[in-house]
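Remarks on the structure that follows.
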Amino acid sequence: MDVQTLTYIFVSVTFAFYIGIAIWSRAGTTDDFYIAGNGVSPLANGMATAADWMSAASFISMAGIISFVGRDGSVYLMGWTGGYVLLALLLAPYLRKFGKYTVPDFVGDRYYSNVARVVAVVCVLFVSFTYVAGQMRGVGIVFSRFLEVEITTGVLIGMAIVFFYAVLGGMKGITYTQVAQYCVLIFAFLVPAIYISMLMTGKFVPQIGFGSTLADGSNIYLLDKLDQLSTDLGFSAYTEGNKSTIDIFFITAALMVGTAGLPHVIVRFFTVPRVRDARISAGYALFFIALLYTAAPAVASFARVNLINTVENAEYKKTPSWFKNWENTNLIAWVDKNQDGKIQYFPGKPFNGKPEFLDMRGSEGQRKIKNEPTGNTNELYIDRDIMVLANPEIAGLPNWVIALVAAGALAAALSTAAGLLLVISTSVSHDLLKKIFLKNISDRQELFFARLSAALAIVIAGYFGVYPPGFVAQVVAFAFGLAAASFFPVILMGIFSKRMNREGAISGMITGLFFTVSYIVYFKFINPSSNTPENWWFGISPEGIGTLGMLFNFIVSSVVSSITAPPPREIQSLVDDIRIPRGAGASYHHVKS
Amino acid sequence: MINSHNSKAKIYWKKNIRIVLTLLTIWFFVSFGMGILWVDALDSFRFFGFKFGFWMAQQGSIFCFVILIFVYVYKMNKLDHQYDVDEVKDNFIPDDIYCPDKEPEE
């Protein structure tokens with residue numbers, strides 16, 4: 001069977017499966033809708049958290065980025081996993097004991113202030129919307145490449161599916177679909193990784209193949225070979241870094257702290273019955289995430305070796321079909337600068353900007369582009385996003401593996417989108433309406449508003465997916481910086497300091513957010529030409545500035561709270577209470593009755 | 001009674017902080033230390049087919065993170081049990097526990 005038929009089969013089967021789960025686990029109360037009635041087992045919650053967390057960016061883009069930047073890519077590997085240690089040790093158990101529905105709930109109650117609650121809601125909405133737009137775009141790209149439908153149609157199909165199980169099932173529906181989606185995505189990521197590892201190094205486990213010798217009999221370690229291939233072509237060695245140490249340090253810290261502060265991840269720990277379940281499910285979650293995250297750098301290096309070997313100095317006419325397929329989706333472009341009919345792949349940009357294709361073919365049959373070629377010798381443009389999707393084709397794996405990867409990428413994008421949409425709808429229906437504007441609504445009415453706002457959020461996300469505003473790609477990476485600079489310090493201090501008060505928390509959040517946003521907006525939008533290390537503060541790039549914003553937040557909130565009145569006594573006993581596990585189940589029963 | 005309960009809670013909290021700080025020190029050491037600050041120095045050692053610093057940055061630190069969380073879970077469950085604040089008795093509602101979520105009945 002051809003790839004397209006197989007992809008249709010895989011995608012329809014998995015989608016039918018998700019819908020079936022949604023019908024089986026639909027929500028009846030706000031408790032079900034917001035936190036799955038506290039009834040999720042830690043193992044299931046671990047899988048759901050892993051799927052919630054691993055987005056289109058983790059599945060599709062991350063290995064591709066690492067493939068092109070080598071060791072510098074470790075900021076993502078460490079940053080997006082190390083945050084779980086912070087989450088497990090510093091936040092998850094206490095927030096579970098607190099036992100409400102959302103992050104703004106905690107901020108609003110702990111700081112006895114609706115102003116703090118609203119500031120938190122604004123941060124939640126901002127972080128979640130920028131993040132969800134990227135997911136819908138990912139869905140569109142997978143559909144257009146593998147099923148050859150328009151991106152718009154792809155986004156609409158994705159919206160319909162998420163609509164169905166998020167609006168109907170709420171957190172309960174999402175949790176169990178995410179468990180299924182985790183299984184699909186990890187299988188889809190590991191099967192090609194194992195296949196390629198076997199082909200290249202003869203090792204079954206990709207994590208081990210990564211550090212083994214090549215299977216071609218040369219007895220050279222894969223990474224040494226890769227360093228040599230890279231330096232021969234004039235790239236820097238794969239296992240050496242280019243970014244400054246301080247920048248790597250700050251970016252990693254921003255990603256770690258941001259991960260721990262992301263509302264759609266935190267809310268998952270509200271769904272388990274007990275504090276000890278919250279702790280262990282963070283462990284399971286990281287274990288499930290690590291399965292993909294430790295395979296990703298291996299996949300990145302395999303893909304890099306394969307890519308260089310396949311394209312460097314190859315005759316265009318003889319390139320394999322994947323090369324032309326991706327050229328047709330605008331993600332590969334080749335300009336034959338020296339007119340020899342062969343592809344020369346060197347460092348540097350072959351031309352400026354993204355390729356703009358003309359409706360013409362060159363002498364070798366390649367697609368012609370409008371862009372003016374640059375003066376260097378590199379002739380090849382490759383979009384980083386194709387590395388994972390094209391990897392099975394590059395390695396010559398069977399068609400069913402290629403189809404599987406498409407289903408896995410969709411699972412990754414949809415599961416994250418659903419988690420984010422739920423957080424958005426909860427913030428609106430619970431934090432804004434129930435807690436501030438419409439305090440008297442009944443549980444049923446609140447549930448209705450939750451469904452309504454989920455539906456609205458999906459429409460807005462879909463719109464961003466079809467017409468991505470130019471800023472989305474720019475800001476998704478900064479969602480982490482913003483989460484780091486706003487939420488993390490106030491939640492942490494709310495648990496570990498009894499002295500931290502309303503005034504401190506609000507001024508800290510606003511300082512962190514304002515500083516981080518200004519720095520990013522200045523370098524990315526107002527004055528992009530100055531976005532170079534010489535102009536950065538202390539050499540910290542906009543990607544890493546959230547760490548500094550977080551430090552400012554800590555300093556400002558501590559100073560302000562020390563010169564203002566301490567929090568009321570009942571707040572101090574609330575803090576005493578969340579520090580002790582016993583009673584988590586009890587507090588839940590109170591909410592319910 | 002209340003006082004002894006409070007001082008016990010204080011010791012529990014102190015021990016909890018100590019566990020967290022110890023584990024976070026290791027967390028910092030394996031990621032920011034070995035994976036970032038000293039990565040070039042560690043690269044002069046080989047670890048199978050890897051340069052050691054590179055391996056810590058791309059794989060080793062992640063394995064350590066997973067282990068750290070499971071050690072934390074084990075230690076905390078033990079501590080909870082020792083200080084009698086664990087959740088085995090959570091099937092009923094103890095009267096003497098402050099309940100933050102108690103809202104006026106509708």
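Each chain in the structure tokens gets a letter, A, B, ..., in the order shown, and its residues are numbered from 1; ligands are numbered from 1 in order too.
For segment 35-46 of chain B, the residues within 8 Å (counting only C-alpha atoms, excluding itself and residues fewer than 3 positions away along the chain) are Thr245, Ile248 and Phe249 of chain A; Val30, Ser31, Phe32, Gly49, Phe50, Lys51, Phe52, Gly53, Phe54, Met56, Ala57, Gln58 and Ser61 of chain B.
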Mind checking which residues fall within 10 Å of Val559 of chain A, counting only C-alpha atoms, ignoring those fewer than 5 positions away in the same chain, and posting them as a PyMOL selection string? chain A and resi 500+504+507-508+554+564
Those residues with C-alpha atoms, as a CSV table (one decimal), in the first residue's frame please?
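Okay, again06.csv is ready:
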chain,number,residue,atom,x,y,z
A,500,MET,CA,4.8,36.8,51.3
A,504,GLY,CA,4.6,41.6,47.2
A,507,SER,CA,4.2,43.9,42.3
A,508,GLY,CA,6.5,40.9,41.7
A,554,PHE,CA,11.8,37.4,43.5
A,564,THR,CA,4.0,46.0,53.9
Work out how far atom CA of Ala27 of chain A is from atom CA of Val118 of chain A, in Å to one decimal. 26.7 Å
With a distance cut-off of 7 Å and only C-alpha atoms, select the neighbouring residues of Ile289 of chain A, excluding the residue or stretch itself and same-chain residues fewer than 4 positions from it, and output the selection as a PDB file with C-alpha atoms, in the first residue's frame.
ATOM      1  CA  ALA A  50       3.576  13.469  29.153  1.00  0.00           C
ATOM      2  CA  ALA A 285       5.405  11.811  33.741  1.00  0.00           C
ATOM      3  CA  TYR A 293      13.701  13.069  25.111  1.00  0.00           C
TER       4      TYR A 293
END
Report as a PyMOL selection string: the residues of segment 102-233 of chain A with a DSSP assignment of helix (DSSP H, G or I), based on the backbone of this structure. chain A and resi 103-110+114-146+151-201+206-209+222-232
Would you please work out which residue, of A:Gln344, A:Ser363, A:Asn440, A:Thr7, is nearest to chain B when using only C-alpha atoms?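 Closest to chain B, using only C-alpha atoms: A:Asn440.
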